[in-house]
file target01.txt (compact mmCIF, C-alpha atoms)
# COMPACT_ATOMS: atom_id res chain seq x y z
CA MET A 1 -7.33 0.58 -41.59
CA ASP A 2 -5.20 -2.33 -42.81
CA GLU A 3 -3.30 -4.88 -40.76
CA ARG A 4 -0.03 -3.03 -41.19
CA SER A 5 -1.47 0.19 -39.75
CA LEU A 6 -2.93 -1.80 -36.89
CA SER A 7 0.45 -3.37 -36.23
CA ASP A 8 2.01 0.11 -36.12
CA PHE A 9 -0.72 1.24 -33.71
CA ILE A 10 0.00 -1.68 -31.37
CA ASP A 11 3.78 -1.16 -31.68
CA ARG A 12 3.35 2.48 -30.67
CA ILE A 13 1.44 1.53 -27.53
CA VAL A 14 3.96 -1.16 -26.56
CA ARG A 15 6.98 1.09 -27.24
CA ASP A 16 5.59 4.14 -25.40
CA ALA A 17 4.53 2.06 -22.40
CA LYS A 18 8.32 1.76 -21.73
CA ILE A 19 8.00 -1.65 -20.15
CA SER A 20 11.48 -2.83 -19.22
CA SER A 21 10.82 -6.58 -19.33
CA MET A 22 10.99 -8.08 -22.83
CA ARG A 23 8.60 -10.85 -21.77
CA GLU A 24 6.01 -8.36 -20.54
CA ARG A 25 6.31 -6.31 -23.73
CA ALA A 26 5.74 -9.43 -25.83
CA GLU A 27 2.80 -10.37 -23.60
CA LEU A 28 1.22 -6.92 -24.00
CA ARG A 29 1.66 -7.03 -27.78
CA ARG A 30 0.09 -10.48 -27.90
CA GLU A 31 -2.83 -9.34 -25.74
CA LEU A 32 -3.52 -6.30 -27.92
CA GLN A 33 -3.28 -8.40 -31.08
CA SER A 34 -5.73 -10.85 -29.52
CA HIS A 35 -8.09 -7.96 -28.70
CA PHE A 36 -8.17 -6.67 -32.27
CA ALA A 37 -8.46 -10.20 -33.68
CA GLU A 38 -11.72 -10.50 -31.73
CA ALA A 39 -13.02 -7.30 -33.28
CA GLY A 40 -12.74 -8.57 -36.87
CA THR A 41 -10.37 -8.65 -39.81
CA THR A 42 -11.96 -6.38 -42.41
CA PRO A 43 -10.51 -2.85 -42.75
CA GLU A 44 -13.86 -1.40 -41.59
CA ALA A 45 -13.96 -3.61 -38.51
CA LEU A 46 -10.37 -2.72 -37.65
CA SER A 47 -11.04 0.99 -38.08
CA THR A 48 -14.07 0.79 -35.79
CA ALA A 49 -12.07 -1.23 -33.24
CA VAL A 50 -9.23 1.31 -33.22
CA GLU A 51 -11.74 4.15 -32.87
CA ARG A 52 -13.35 2.43 -29.89
CA PHE A 53 -9.97 1.68 -28.39
CA SER A 54 -8.96 5.24 -27.41
CA SER A 55 -5.75 6.99 -28.40
CA ALA A 56 -2.46 5.10 -28.35
CA ALA A 57 -0.93 7.92 -26.29
CA LEU A 58 -3.53 7.67 -23.52
CA VAL A 59 -3.30 3.88 -23.22
CA SER A 60 0.51 3.79 -23.32
CA ASP A 61 0.64 6.61 -20.76
CA GLN A 62 -1.52 4.61 -18.34
CA LEU A 63 0.46 1.43 -18.97
CA GLU A 64 3.73 3.28 -18.44
CA HIS A 65 2.48 4.52 -15.09
CA ILE A 66 1.48 1.02 -13.99
CA HIS A 67 4.61 -0.78 -15.14
CA ARG A 68 7.00 1.80 -13.70
CA ARG A 69 9.79 0.26 -11.66
CA SER A 70 8.87 2.37 -8.65
CA ARG A 71 5.83 0.09 -8.21
CA PHE A 72 8.13 -2.45 -6.57
CA TRP A 73 9.23 0.10 -3.99
CA ALA A 74 5.65 1.19 -3.43
CA HIS A 75 4.73 -2.43 -2.79
CA LEU A 76 7.64 -2.88 -0.40
CA LEU A 77 6.77 0.36 1.39
CA ARG A 78 3.17 -0.79 1.77
CA VAL A 79 4.26 -4.08 3.36
CA VAL A 80 6.65 -2.27 5.72
CA VAL A 81 4.08 0.36 6.71
CA ALA A 82 1.35 -2.24 7.27
CA GLY A 83 3.72 -4.51 9.24
CA ALA A 84 5.00 -1.65 11.42
CA ALA A 85 1.51 -0.26 12.12
CA SER A 86 0.19 -3.73 12.96
CA THR A 87 3.13 -4.45 15.28
CA VAL A 88 2.67 -1.15 17.12
CA ALA A 89 -1.05 -1.87 17.52
CA ALA A 90 -0.33 -5.44 18.71
CA VAL A 91 2.22 -4.33 21.32
CA ALA A 92 -0.11 -1.55 22.50
CA ILE A 93 -2.91 -4.07 23.00
CA GLN A 94 -0.56 -6.35 24.94
CA ILE A 95 0.54 -3.42 27.13
CA VAL A 96 -3.11 -2.80 27.99
CA ALA A 97 -3.67 -6.52 28.60
CA ASN A 98 -0.62 -6.83 30.88
CA LEU A 99 -0.88 -3.56 32.74
CA ARG A 100 -0.78 -4.01 36.52
CA ILE A 101 -1.85 -1.14 38.74
CA ASP A 102 -1.03 -1.21 42.43
CA VAL A 103 -3.56 1.25 43.83
CA GLN A 104 -2.04 1.34 47.31
CA GLY A 105 1.51 1.82 46.16
CA ASN A 106 0.34 4.01 43.30
CA LEU A 107 2.54 1.92 40.96
CA VAL A 108 2.00 1.02 37.33
CA SER A 109 3.93 -1.91 35.91
CA LEU A 110 3.75 -4.62 33.27
CA GLY A 111 2.93 -8.20 34.24
CA PRO A 112 5.62 -10.91 34.05
CA ALA A 113 4.05 -12.44 30.93
CA PHE A 114 4.30 -9.21 28.90
CA SER A 115 7.48 -9.97 26.96
CA ARG A 116 6.26 -13.45 25.99
CA SER A 117 2.80 -12.12 25.06
CA ALA A 118 4.29 -9.30 22.99
CA ALA A 119 6.60 -11.74 21.19
CA PHE A 120 3.65 -14.05 20.44
CA ALA A 121 1.56 -11.09 19.22
CA THR A 122 4.41 -10.03 16.92
CA MET A 123 4.53 -13.59 15.56
CA ILE A 124 0.80 -13.37 14.79
CA VAL A 125 1.37 -10.07 12.96
CA VAL A 126 4.27 -11.47 10.89
CA MET A 127 2.23 -14.57 10.03
CA LEU A 128 -0.78 -12.49 8.96
CA VAL A 129 1.29 -10.05 6.87
CA ALA A 130 2.84 -13.07 5.09
CA ALA A 131 -0.60 -14.68 4.67
CA TRP A 132 -1.95 -11.42 3.26
CA GLU A 133 0.85 -11.10 0.73
CA LEU A 134 0.68 -14.79 -0.21
CA ASP A 135 -3.08 -14.48 -0.48
CA ILE A 136 -3.95 -17.27 1.96
CA ASP A 137 -7.66 -16.61 2.18
CA ALA A 138 -8.39 -18.80 5.22
CA LEU A 139 -6.25 -16.55 7.44
CA CYS A 140 -7.20 -13.19 5.99
CA ALA A 141 -10.96 -13.00 6.58
CA ARG A 142 -12.35 -10.11 8.62
CA LEU A 143 -13.10 -12.01 11.85
CA GLU A 144 -15.64 -9.45 13.05
CA ARG A 145 -17.78 -10.47 10.07
CA HIS A 146 -17.35 -14.22 10.57
CA PRO A 147 -18.35 -15.13 14.15
CA MET A 148 -17.74 -18.87 13.68
CA ARG A 149 -14.22 -18.28 12.41
CA PHE A 150 -13.67 -15.82 15.26
CA LEU A 151 -14.65 -18.52 17.79
CA ALA A 152 -12.60 -21.21 16.04
CA ILE A 153 -9.45 -19.05 16.18
CA LEU A 154 -10.13 -18.15 19.82
CA VAL A 155 -10.41 -21.85 20.73
CA ALA A 156 -7.33 -22.73 18.66
CA LEU A 157 -5.21 -20.03 20.31
CA SER A 158 -6.42 -20.99 23.80
CA THR A 159 -5.62 -24.64 23.17
CA THR A 160 -2.19 -23.72 21.82
CA MET A 161 -1.49 -21.67 24.93
CA ILE A 162 -2.57 -24.47 27.30
CA LEU A 163 -0.49 -27.05 25.39
CA PHE A 164 2.52 -24.72 25.26
CA HIS A 165 2.42 -24.14 29.01
CA ALA A 166 1.94 -27.84 29.66
CA ALA A 167 5.03 -28.54 27.53
CA ILE A 168 7.16 -26.23 29.71
CA ASP A 169 5.62 -27.55 32.95
CA SER A 170 3.83 -24.30 33.65
CA LEU A 171 0.12 -24.89 33.94
CA VAL A 172 -2.32 -22.18 32.92
CA ALA A 173 -6.00 -22.17 33.85
CA PRO A 174 -8.36 -22.53 30.85
CA GLY A 175 -10.18 -19.32 31.80
CA ARG A 176 -6.94 -17.35 31.85
CA ALA A 177 -5.87 -18.90 28.55
CA LEU A 178 -9.22 -17.88 27.06
CA VAL A 179 -8.87 -14.26 28.23
CA ALA A 180 -5.26 -14.00 27.01
CA SER A 181 -6.27 -15.52 23.67
CA ALA A 182 -9.14 -13.06 23.36
CA PHE A 183 -6.55 -10.28 23.27
CA ASP A 184 -4.65 -12.20 20.57
CA VAL A 185 -7.85 -12.46 18.52
CA VAL A 186 -8.33 -8.71 18.89
CA ILE A 187 -4.77 -8.29 17.61
CA TRP A 188 -5.58 -10.64 14.72
CA THR A 189 -8.69 -8.62 13.83
CA CYS A 190 -6.81 -5.30 14.08
CA THR A 191 -3.98 -6.59 11.89
CA ILE A 192 -6.31 -7.68 9.10
CA ALA A 193 -8.15 -4.34 9.30
CA ILE A 194 -4.83 -2.45 9.11
CA LEU A 195 -3.65 -4.56 6.15
CA ALA A 196 -6.90 -3.95 4.27
CA ARG A 197 -6.83 -0.21 4.98
CA THR A 198 -3.17 0.10 4.02
CA ASP A 199 -3.92 -1.68 0.73
CA ARG A 200 -6.74 0.75 0.02
CA ALA A 201 -4.71 3.81 1.03
CA PHE A 202 -1.79 2.81 -1.21
CA ALA A 203 -4.15 1.98 -4.05
CA ARG A 204 -5.60 5.50 -3.79
CA VAL A 205 -2.13 7.04 -3.90
CA PHE A 206 -0.50 4.82 -6.52
CA ILE A 207 -3.29 3.72 -8.85
CA PRO A 208 -3.64 6.14 -11.72
CA VAL A 209 -7.07 7.70 -11.93
CA GLN A 210 -8.95 6.18 -14.85
CA ARG A 211 -9.38 8.96 -17.33
CA MET B 212 -18.94 23.17 -16.65
CA PRO B 213 -18.10 19.47 -16.34
CA ALA B 214 -16.90 17.46 -19.32
CA LYS B 215 -19.90 15.62 -20.68
CA VAL B 216 -18.21 12.95 -22.71
CA VAL B 217 -15.58 11.12 -20.74
CA ASN B 218 -12.49 9.43 -22.01
CA ASP B 219 -13.42 6.17 -20.33
CA CYS B 220 -16.81 5.99 -21.88
CA HIS B 221 -18.06 7.40 -25.08
CA SER B 222 -21.62 7.85 -26.05
CA THR B 223 -23.71 7.70 -29.15
CA PRO B 224 -26.60 10.05 -29.74
CA GLU B 225 -29.11 7.55 -28.40
CA HIS B 226 -27.10 6.90 -25.25
CA MET B 227 -26.92 8.80 -22.00
CA GLU B 228 -23.80 10.94 -21.58
CA TYR B 229 -22.14 10.65 -18.22
CA ASP B 230 -20.07 13.18 -16.34
CA ARG B 231 -16.47 12.20 -15.76
CA GLU B 232 -16.86 12.42 -11.97
CA PHE B 233 -19.60 9.79 -12.02
CA LEU B 234 -17.43 7.30 -13.80
CA THR B 235 -14.10 7.70 -12.04
CA GLY B 236 -13.51 4.45 -10.24
CA THR B 237 -16.34 2.55 -11.86
CA VAL B 238 -14.10 0.60 -14.22
CA GLY B 239 -12.48 -1.22 -11.33
CA VAL B 240 -15.82 -2.11 -9.75
CA LEU B 241 -17.14 -3.26 -13.11
CA ILE B 242 -14.16 -5.54 -13.79
CA LEU B 243 -14.21 -7.05 -10.32
CA SER B 244 -17.97 -7.65 -10.45
CA LEU B 245 -17.86 -9.39 -13.82
CA LEU B 246 -14.87 -11.53 -12.87
CA CYS B 247 -16.67 -12.60 -9.68
CA GLU B 248 -18.77 -14.81 -11.94
CA ARG B 249 -16.11 -16.40 -14.13
CA ALA B 250 -12.75 -15.87 -15.78
CA MET B 251 -12.96 -13.61 -18.83
CA TYR B 252 -10.64 -12.13 -21.44
CA GLY B 253 -10.50 -8.39 -22.07
CA TYR B 254 -12.77 -8.23 -25.09
CA GLU B 255 -15.32 -10.43 -23.33
CA ILE B 256 -15.38 -8.08 -20.32
CA LEU B 257 -16.13 -5.15 -22.63
CA GLN B 258 -18.87 -7.02 -24.46
CA GLU B 259 -20.43 -8.26 -21.23
CA ALA B 260 -20.46 -4.74 -19.73
CA GLU B 261 -22.05 -3.40 -22.90
CA ARG B 262 -24.64 -6.18 -23.05
CA ARG B 263 -25.69 -5.91 -19.41
CA SER B 264 -26.01 -2.14 -19.50
CA ALA B 265 -28.06 -2.38 -22.71
CA SER B 266 -25.25 -0.48 -24.46
CA GLN B 267 -25.48 2.41 -21.98
CA PHE B 268 -21.99 1.72 -20.72
CA LEU B 269 -19.53 1.83 -23.60
CA MET B 270 -15.93 1.98 -22.45
CA LYS B 271 -13.07 3.38 -24.41
CA GLU B 272 -11.72 -0.12 -24.81
CA GLY B 273 -8.03 0.64 -24.50
CA THR B 274 -8.40 1.90 -20.95
CA LEU B 275 -9.52 -1.56 -19.85
CA TYR B 276 -6.05 -3.06 -20.24
CA PRO B 277 -4.19 -0.64 -17.95
CA ALA B 278 -6.90 -1.29 -15.35
CA LEU B 279 -6.50 -5.06 -15.74
CA HIS B 280 -2.71 -4.86 -15.54
CA GLN B 281 -2.90 -2.66 -12.48
CA MET B 282 -5.23 -5.06 -10.68
CA GLU B 283 -3.04 -7.99 -11.66
CA ARG B 284 -0.04 -6.19 -10.19
CA ALA B 285 -1.97 -5.43 -7.02
CA GLY B 286 -2.67 -9.16 -6.65
CA PHE B 287 -6.42 -8.88 -7.26
CA LEU B 288 -6.31 -10.76 -10.56
CA LYS B 289 -4.31 -13.55 -12.11
CA ALA B 290 -4.03 -14.14 -15.82
CA ALA B 291 -3.46 -17.17 -17.99
CA TRP B 292 -3.48 -17.80 -21.72
CA HIS B 293 -5.92 -20.38 -23.01
CA GLU B 294 -6.80 -21.46 -26.50
CA SER B 295 -10.42 -21.12 -27.55
CA ASP B 296 -12.35 -23.65 -29.61
CA ASN B 297 -11.50 -21.77 -32.80
CA GLY B 298 -7.80 -21.98 -31.97
CA ARG B 299 -7.46 -18.34 -30.96
CA ALA B 300 -5.32 -17.65 -27.88
CA ARG B 301 -6.96 -15.46 -25.26
CA LYS B 302 -5.64 -14.06 -22.01
CA TYR B 303 -8.15 -14.91 -19.32
CA TYR B 304 -8.30 -12.93 -16.09
CA SER B 305 -9.72 -14.38 -12.89
CA LEU B 306 -10.01 -13.13 -9.33
CA THR B 307 -7.55 -14.19 -6.65
CA ALA B 308 -8.79 -14.70 -3.09
CA LYS B 309 -7.55 -11.20 -2.31
CA GLY B 310 -9.40 -9.92 -5.37
CA ARG B 311 -12.62 -11.58 -4.21
CA ARG B 312 -12.33 -9.85 -0.85
CA HIS B 313 -11.62 -6.55 -2.59
CA ALA B 314 -14.59 -7.07 -4.92
CA GLU B 315 -16.88 -7.74 -1.97
CA SER B 316 -15.68 -4.59 -0.22
CA LYS B 317 -16.17 -2.52 -3.38
CA ARG B 318 -19.64 -3.99 -3.91
CA ARG B 319 -20.68 -3.06 -0.37
CA GLN B 320 -19.36 0.49 -0.78
CA TRP B 321 -21.11 0.83 -4.11
CA GLU B 322 -24.45 -0.41 -2.73
CA SER B 323 -24.19 1.91 0.24
CA ILE B 324 -23.44 4.96 -1.93
CA SER B 325 -26.13 3.97 -4.39
CA ALA B 326 -28.77 3.54 -1.65
CA ALA B 327 -27.84 6.86 -0.07
CA MET B 328 -28.02 8.65 -3.42
CA ARG B 329 -31.41 7.07 -4.23
CA ALA B 330 -32.72 8.18 -0.85
CA ILE B 331 -31.47 11.73 -1.37
CA LEU B 332 -32.72 11.98 -4.94
CA GLY B 333 -36.05 10.39 -4.00
CA ALA B 334 -36.52 12.85 -1.15
CA ALA B 335 -35.55 15.76 -3.37
CA HIS B 336 -38.22 14.82 -5.89
CA GLY B 337 -40.89 14.39 -3.22
call {"tool": "encode", "arguments": {"input": "target01.txt", "output": "structure tokens"}}
result
Amino acid sequence: MDERSLSDFIDRIVRDAKISSMRERAELRRELQSHFAEAGTTPEALSTAVERFSSAALVSDQLEHIHRRSRFWAHLLRVVVAGAASTVAAVAIQIVANLRIDVQGNLVSLGPAFSRSAAFATMIVVMLVAAWELDIDALCARLERHPMRFLAILVALSTTMILFHAAIDSLVAPGRALVASAFDVVIWTCTIAILARTDRAFARVFIPVQR
Amino acid sequence: MPAKVVNDCHSTPEHMEYDREFLTGTVGVLILSLLCERAMYGYEILQEAERRSASQFLMKEGTLYPALHQMERAGFLKAAWHESDNGRARKYYSLTAKGRRHAESKRRQWESISAAMRAILGAAHG
């Protein structure tokens, strides 16, 4: 195989991958040229490299699948699904945390702090979804696997709660702040678990099976 | 009857032939594991996989690039062009923080499956 045939081979892959961005097409061509340059320059070396490479149709088919525009919508859908599922879980945990049962009156109601707690929990979810997408590692660790980080976040949230209440002249006992923050840490842990699972589920659906 | 020679991996007469089912999904684990150590370019990943498996694992090289592009799009990898000592430009891939977490999760799954399979196969052979 000569360099011209190789160039045609690369062109076929790039063309059939149907990548809409000119920059990405140029990047792919450059990457494939770089690959074959590593393999050698003699006709024999190029022939062997093309043989080892797999068919142009198979590679361009896989690339076409990956670079399809619908990937953007899949990504957006994943973020929305993960955010919605995490918010539902967070609010459910806060309902449990704020549930008040009057045994004598046989009444079930939510405590006065529910709306504020639910709003704060939603803030945590939004922050973690953003951190996950922006890849801020310090916030995205699985807390159940990192006890020290778990404790650090619990203390930080408790302190924030005490300071916040002090700022609005509404004192909160440290023990109560600790218990309320424990629920927030549970929400934190659940959110990261949901984000990780949603990532995996979408990867299973949208990543082409390697053939 | 399962396909004996897979599209991902080809084999030479002296090499073991693997069923397709065994290898589905292994390319991702392989890439993530190698990039855990350092940034590499595509050809280097292929050579490293071949070297470490004593040439038992020979990928159809073209299928590496769709896998790399997919992982880059998923935010597991980032890529940057660098010039080598001989002046040749190479596209180096490295793991993002998200990619490192994903690699760790994949490694744990792989070890768990591997241990379970060894236990089953060991028991089956007495």
call {"tool": "closest_atom_pairs", "arguments": {"input": "target01.txt", "of": "chain B", "to": "chain A", "cutoff": "6 Å", "atoms": "only C-alpha atoms", "output": "JSON lines"}}
result
{"residue": "B:Asn218", "atom": "CA", "partner": "A:Arg211", "partner_atom": "CA", "distance": 5.6}
{"residue": "B:Asp219", "atom": "CA", "partner": "A:Arg211", "partner_atom": "CA", "distance": 5.8}
{"residue": "B:Tyr254", "atom": "CA", "partner": "A:His35", "partner_atom": "CA", "distance": 5.9}
{"residue": "B:Lys271", "atom": "CA", "partner": "A:Phe53", "partner_atom": "CA", "distance": 5.3}
{"residue": "B:Glu272", "atom": "CA", "partner": "A:Phe53", "partner_atom": "CA", "distance": 4.4}
{"residue": "B:Gly273", "atom": "CA", "partner": "A:Phe53", "partner_atom": "CA", "distance": 4.5}
{"residue": "B:Thr274", "atom": "CA", "partner": "A:Val59", "partner_atom": "CA", "distance": 5.9}
{"residue": "B:Pro277", "atom": "CA", "partner": "A:Leu63", "partner_atom": "CA", "distance": 5.2}
{"residue": "B:Gln281", "atom": "CA", "partner": "A:Ile66", "partner_atom": "CA", "distance": 5.9}
{"residue": "B:Ala308", "atom": "CA", "partner": "A:Asp137", "partner_atom": "CA", "distance": 5.7}
{"residue": "B:Lys309", "atom": "CA", "partner": "A:Asp135", "partner_atom": "CA", "distance": 5.8}
call {"tool": "write_last_selection", "arguments": {"input": "target01.txt", "atoms": "C-alpha atoms", "output": "compact mmCIF listing (two decimals), in the frame of the given file"}}
result
# COMPACT_ATOMS: atom_id res chain seq x y z
CA ASN B 218 -12.49 9.43 -22.01
CA ASP B 219 -13.42 6.17 -20.33
CA TYR B 254 -12.77 -8.23 -25.09
CA LYS B 271 -13.07 3.38 -24.41
CA GLU B 272 -11.72 -0.12 -24.81
CA GLY B 273 -8.03 0.64 -24.50
CA THR B 274 -8.40 1.90 -20.95
CA PRO B 277 -4.19 -0.64 -17.95
CA GLN B 281 -2.90 -2.66 -12.48
CA ALA B 308 -8.79 -14.70 -3.09
CA LYS B 309 -7.55 -11.20 -2.31
call {"tool": "residues_around", "arguments": {"input": "target01.txt", "residues": "B:Ala291", "least_positions_apart": "4", "cutoff": "10 Å", "atoms": "all atoms listed in the file", "output": "PDB file with C-alpha atoms, in the coordinates of the input"}}
result
ATOM      1  CA  ALA B 250     -12.750 -15.870 -15.780  1.00  0.00           C
ATOM      2  CA  TYR B 252     -10.640 -12.130 -21.440  1.00  0.00           C
ATOM      3  CA  ARG B 301      -6.960 -15.460 -25.260  1.00  0.00           C
ATOM      4  CA  LYS B 302      -5.640 -14.060 -22.010  1.00  0.00           C
ATOM      5  CA  TYR B 303      -8.150 -14.910 -19.320  1.00  0.00           C
ATOM      6  CA  TYR B 304      -8.300 -12.930 -16.090  1.00  0.00           C
ATOM      7  CA  SER B 305      -9.720 -14.380 -12.890  1.00  0.00           C
TER       8      SER B 305
END
call {"tool": "atom_distance", "arguments": {"input": "target01.txt", "atom1": "atom CA of B:Lys289", "atom2": "atom CA of B:Leu246"}}
result
10.8 Å
call {"tool": "residues_near_point", "arguments": {"input": "target01.txt", "point": "(-15.5, -7.1, -1.9)", "cutoff": "12 Å", "atoms": "all atoms listed in the file", "output": "list in words"}}
result
Ala141, Arg142, Ala196 and Arg200 of chain A; Gly239, Val240, Leu241, Leu243, Ser244, Leu246, Cys247, Phe287, Leu306, Thr307, Ala308, Lys309, Gly310, Arg311, Arg312, His313, Ala314, Glu315, Ser316, Lys317, Arg318, Arg319, Gln320, Trp321 and Glu322 of chain B
call {"tool": "atom_distance", "arguments": {"input": "target01.txt", "atom1": "atom CA of A:Ile10", "atom2": "atom CA of A:Leu46"}}
result
12.2 Å
call {"tool": "atom_distance", "arguments": {"input": "target01.txt", "atom1": "atom CA of A:Ser86", "atom2": "atom CA of A:Asn98"}}
result
18.2 Å
call {"tool": "closest_residue", "arguments": {"input": "target01.txt", "among": "A:Ala130, A:Val96, A:Ala57, A:Val103", "to": "A:Val14", "atoms": "only C-alpha atoms"}}
result
A:Ala57
call {"tool": "build_atoms", "arguments": {"input": "target01.txt", "residues": "stretch 110-130 of chain A", "atoms": "N, CA and C atoms", "output": "PDB file, keeping the file's coordinate frame"}}
result
ATOM      1  N   LEU A 110       4.202  -3.590  34.216  1.00  0.00           N
ATOM      2  CA  LEU A 110       3.750  -4.620  33.270  1.00  0.00           C
ATOM      3  C   LEU A 110       3.881  -5.987  33.927  1.00  0.00           C
ATOM      4  N   GLY A 111       2.910  -6.858  33.663  1.00  0.00           N
ATOM      5  CA  GLY A 111       2.930  -8.200  34.240  1.00  0.00           C
ATOM      6  C   GLY A 111       4.111  -9.012  33.726  1.00  0.00           C
ATOM      7  N   PRO A 112       4.453 -10.106  34.434  1.00  0.00           N
ATOM      8  CA  PRO A 112       5.620 -10.910  34.050  1.00  0.00           C
ATOM      9  C   PRO A 112       5.486 -11.575  32.673  1.00  0.00           C
ATOM     10  N   ALA A 113       4.239 -11.742  32.220  1.00  0.00           N
ATOM     11  CA  ALA A 113       4.050 -12.440  30.930  1.00  0.00           C
ATOM     12  C   ALA A 113       4.115 -11.497  29.732  1.00  0.00           C
ATOM     13  N   PHE A 114       4.374 -10.186  29.998  1.00  0.00           N
ATOM     14  CA  PHE A 114       4.300  -9.210  28.900  1.00  0.00           C
ATOM     15  C   PHE A 114       5.237  -9.543  27.748  1.00  0.00           C
ATOM     16  N   SER A 115       6.518  -9.789  28.063  1.00  0.00           N
ATOM     17  CA  SER A 115       7.480  -9.970  26.960  1.00  0.00           C
ATOM     18  C   SER A 115       7.100 -11.171  26.098  1.00  0.00           C
ATOM     19  N   ARG A 116       6.648 -12.249  26.755  1.00  0.00           N
ATOM     20  CA  ARG A 116       6.260 -13.450  25.990  1.00  0.00           C
ATOM     21  C   ARG A 116       4.996 -13.162  25.164  1.00  0.00           C
ATOM     22  N   SER A 117       4.042 -12.454  25.782  1.00  0.00           N
ATOM     23  CA  SER A 117       2.800 -12.120  25.060  1.00  0.00           C
ATOM     24  C   SER A 117       3.076 -11.220  23.866  1.00  0.00           C
ATOM     25  N   ALA A 118       3.968 -10.230  24.082  1.00  0.00           N
ATOM     26  CA  ALA A 118       4.290  -9.300  22.990  1.00  0.00           C
ATOM     27  C   ALA A 118       4.997 -10.045  21.851  1.00  0.00           C
ATOM     28  N   ALA A 119       5.890 -10.970  22.222  1.00  0.00           N
ATOM     29  CA  ALA A 119       6.600 -11.740  21.190  1.00  0.00           C
ATOM     30  C   ALA A 119       5.604 -12.594  20.402  1.00  0.00           C
ATOM     31  N   PHE A 120       4.650 -13.215  21.112  1.00  0.00           N
ATOM     32  CA  PHE A 120       3.650 -14.050  20.440  1.00  0.00           C
ATOM     33  C   PHE A 120       2.767 -13.183  19.525  1.00  0.00           C
ATOM     34  N   ALA A 121       2.397 -12.000  20.029  1.00  0.00           N
ATOM     35  CA  ALA A 121       1.560 -11.090  19.220  1.00  0.00           C
ATOM     36  C   ALA A 121       2.308 -10.673  17.961  1.00  0.00           C
ATOM     37  N   THR A 122       3.609 -10.418  18.092  1.00  0.00           N
ATOM     38  CA  THR A 122       4.410 -10.030  16.920  1.00  0.00           C
ATOM     39  C   THR A 122       4.461 -11.184  15.915  1.00  0.00           C
ATOM     40  N   MET A 123       4.546 -12.415  16.453  1.00  0.00           N
ATOM     41  CA  MET A 123       4.530 -13.590  15.560  1.00  0.00           C
ATOM     42  C   MET A 123       3.222 -13.655  14.769  1.00  0.00           C
ATOM     43  N   ILE A 124       2.122 -13.357  15.464  1.00  0.00           N
ATOM     44  CA  ILE A 124       0.800 -13.370  14.790  1.00  0.00           C
ATOM     45  C   ILE A 124       0.801 -12.328  13.659  1.00  0.00           C
ATOM     46  N   VAL A 125       1.341 -11.138  13.962  1.00  0.00           N
ATOM     47  CA  VAL A 125       1.370 -10.070  12.960  1.00  0.00           C
ATOM     48  C   VAL A 125       2.199 -10.509  11.744  1.00  0.00           C
ATOM     49  N   VAL A 126       3.392 -11.046  11.998  1.00  0.00           N
ATOM     50  CA  VAL A 126       4.270 -11.470  10.890  1.00  0.00           C
ATOM     51  C   VAL A 126       3.568 -12.539  10.049  1.00  0.00           C
ATOM     52  N   MET A 127       2.929 -13.493  10.744  1.00  0.00           N
ATOM     53  CA  MET A 127       2.230 -14.570  10.030  1.00  0.00           C
ATOM     54  C   MET A 127       1.100 -13.991   9.151  1.00  0.00           C
ATOM     55  N   LEU A 128       0.353 -13.035   9.719  1.00  0.00           N
ATOM     56  CA  LEU A 128      -0.780 -12.490   8.960  1.00  0.00           C
ATOM     57  C   LEU A 128      -0.318 -11.617   7.793  1.00  0.00           C
ATOM     58  N   VAL A 129       0.767 -10.863   7.981  1.00  0.00           N
ATOM     59  CA  VAL A 129       1.290 -10.050   6.870  1.00  0.00           C
ATOM     60  C   VAL A 129       1.729 -10.986   5.739  1.00  0.00           C
ATOM     61  N   ALA A 130       2.410 -12.085   6.107  1.00  0.00           N
ATOM     62  CA  ALA A 130       2.840 -13.070   5.090  1.00  0.00           C
ATOM     63  C   ALA A 130       1.621 -13.692   4.412  1.00  0.00           C
TER      64      ALA A 130
END
